[in-house]
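Everything on this sheet refers to the single structure shown next.
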Amino acid sequence: MPLSVAVADAQSRCRGRLARTWVNQARCSLLATWALPLPTGLLTGPFGGWMPMVAGLAALEGLQDVLEYHGCPLADGGDPERVLTLKWPNDLFCRGAKLGGILCELVRVDQDWSALVVGIGINLFLPRQALPIAESTSLQLHYQDLPDYQTLRDDLVDAISWHLSGEMAPLGFGGSLDRTLNGPQGLRSRIAALSWTLGKRVRVVPVAGEPVEGRALEINPDASLRVQLTDGDQVEVSTADVGVLPEVAAVGA
């Protein structure tokens, strides 16, 4: 699938989901925006919620590829399995802290086609004291032997571009959307396997309404998150801020 990408060493007007700001320093983060042509009906239809999640998967896979290619070991010598994960819907997490964010927007071209604009920011060399919140992190805090900034940035752009194109192509050009997403080896099961959110206690802060707490059970076929509340009821979450909570030991355990 064809795509275009713009890359910056620093940005002064970054923004994330729900109008949040994005903190960066020059030559310390991957700051890139991709544009992909996709059918408008796909982006606005029942499968549209999957596009941001597929973008998150592509970013995570690209990051994994580059770290493996350069042979970057974990700083603590630990098991690399599930160090990098996805917090619903598409935040990049490393060891339970936010490593990167993704914002997707639709830009209509004509009645049939639109551009999916995917902005990705990943903390690479941002020092600990510059991190905006305690729950955020930077790649250099977890991995050793990272290449220099420009090499790492360029390799990440190439790898993420390759994965974005490969993951989006079956969705936009032919094939069964349902099977691609929900088949035995579909995107839904792959994203679920990499999820930092599923199975954990979460706090859901909707755009409108009161926050609720519960346990994240499943990513639904429409990409919404199914959460079982503390009173036993279940809700489907489509647009909200979902934070993972620490587990609370049962009384007497």
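As shown in the structure tokens, the chain order sets the letters A, B, ...; within each chain, residues go from 1, and ligands are also counted from 1 in the order they appear.
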
From a DSSP calculation on the backbone, collect every residue of region 98-176 of chain A in strand (DSSP E or B) and output the set as a CSV table (one decimal) with N, CA and C atoms, in the first residue's frame.
chain,number,residue,atom,x,y,z
A,98,LYS,N,4.0,4.4,29.9
A,98,LYS,CA,3.8,4.8,28.6
A,98,LYS,C,5.1,5.2,27.8
A,99,LEU,N,5.3,4.6,26.7
A,99,LEU,CA,6.5,4.8,25.9
A,99,LEU,C,6.2,5.7,24.7
A,100,GLY,N,5.0,5.6,24.2
A,100,GLY,CA,4.6,6.4,23.0
A,100,GLY,C,3.1,6.5,22.8
A,101,GLY,N,2.7,7.4,22.1
A,101,GLY,CA,1.3,7.6,21.8
A,101,GLY,C,1.0,7.8,20.3
A,102,ILE,N,-0.2,7.5,19.9
A,102,ILE,CA,-0.6,7.5,18.5
A,102,ILE,C,-2.0,8.3,18.4
A,103,LEU,N,-2.0,9.1,17.4
A,103,LEU,CA,-3.3,9.8,17.1
A,103,LEU,C,-3.6,9.6,15.7
A,104,CYS,N,-4.8,9.1,15.4
A,104,CYS,CA,-5.3,8.9,14.0
A,104,CYS,C,-6.5,9.8,13.7
A,105,GLU,N,-6.4,10.4,12.5
A,105,GLU,CA,-7.5,11.3,12.0
A,105,GLU,C,-7.8,10.9,10.6
A,106,LEU,N,-9.0,11.2,10.2
A,106,LEU,CA,-9.5,11.0,8.8
A,106,LEU,C,-9.6,12.3,8.1
A,107,VAL,N,-9.0,12.3,6.9
A,107,VAL,CA,-9.1,13.5,6.1
A,107,VAL,C,-9.7,13.1,4.7
A,108,ARG,N,-10.9,13.6,4.5
A,108,ARG,CA,-11.6,13.2,3.3
A,108,ARG,C,-11.0,13.8,2.0
A,113,TRP,N,-12.8,8.1,-1.2
A,113,TRP,CA,-11.5,7.9,-0.6
A,113,TRP,C,-11.2,9.0,0.5
A,114,SER,N,-10.4,8.5,1.5
A,114,SER,CA,-9.9,9.4,2.5
A,114,SER,C,-8.5,9.1,2.8
A,115,ALA,N,-7.8,10.0,3.5
A,115,ALA,CA,-6.5,9.7,4.0
A,115,ALA,C,-6.6,9.4,5.5
A,116,LEU,N,-6.0,8.3,5.9
A,116,LEU,CA,-5.9,8.1,7.3
A,116,LEU,C,-4.5,8.7,7.7
A,117,VAL,N,-4.6,9.7,8.6
A,117,VAL,CA,-3.4,10.3,9.1
A,117,VAL,C,-3.0,9.8,10.4
A,118,VAL,N,-1.8,9.2,10.5
A,118,VAL,CA,-1.4,8.5,11.7
A,118,VAL,C,-0.1,9.3,12.3
A,119,GLY,N,-0.3,10.0,13.4
A,119,GLY,CA,0.8,10.6,14.1
A,119,GLY,C,1.3,9.8,15.2
A,120,ILE,N,2.6,9.5,15.2
A,120,ILE,CA,3.2,8.6,16.2
A,120,ILE,C,4.4,9.4,16.9
A,121,GLY,N,4.3,9.3,18.3
A,121,GLY,CA,5.4,9.9,19.0
A,121,GLY,C,6.0,8.8,20.0
A,122,ILE,N,7.3,8.6,20.0
A,122,ILE,CA,7.9,7.6,20.9
A,122,ILE,C,9.1,8.2,21.6
A,123,ASN,N,9.1,8.1,22.9
A,123,ASN,CA,10.2,8.6,23.7
A,123,ASN,C,11.4,7.7,23.5
A,136,SER,N,5.1,7.7,32.6
A,136,SER,CA,5.7,7.6,31.3
A,136,SER,C,7.2,7.1,31.4
A,143,TYR,N,16.6,-0.2,27.4
A,143,TYR,CA,17.4,-1.0,26.5
A,143,TYR,C,18.8,-0.4,26.4

Pick out each residue of region 10-115 of chain A that DSSP on the backbone tags as alpha helix (DSSP H); I need them as a ChimeraX atom specification.
-> /A:40-44,50-69

Just give me the gap between CA of Pro206 (chain A) and CA of Gln228 (chain A) in Å, one decimal is fine.
-> 15.2 Å

Show which residues sit within 10 Å of Ser238 (chain A), as a ChimeraX atom specification. Count only C-alpha atoms, and ignore same-chain residues fewer than 4 positions away.
-> /A:49,89,206,220,222-226

Shell of 12 Å around Met168 (chain A), only C-alpha atoms, local chain residues under 3 positions omitted, as number ranges by chain = A: 1-3, 35-39, 42-43, 48, 50-58, 116, 118, 160-165, 171-175, 177, 180-181, 187

Among the residues A:Gln144, A:Ser138, A:Thr44, A:Gln185, the one that comes closest to Leu30 (chain A) [using only C-alpha atoms] =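 That would be A:Ser138, the residue with the smallest distance to Leu30 (chain A).
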
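Minimum distance to Cys72 (chain A) across A:Arg27, A:Gln129, A:His142, A:Asp9 (counting only C-alpha atoms) occurs at A:His142.
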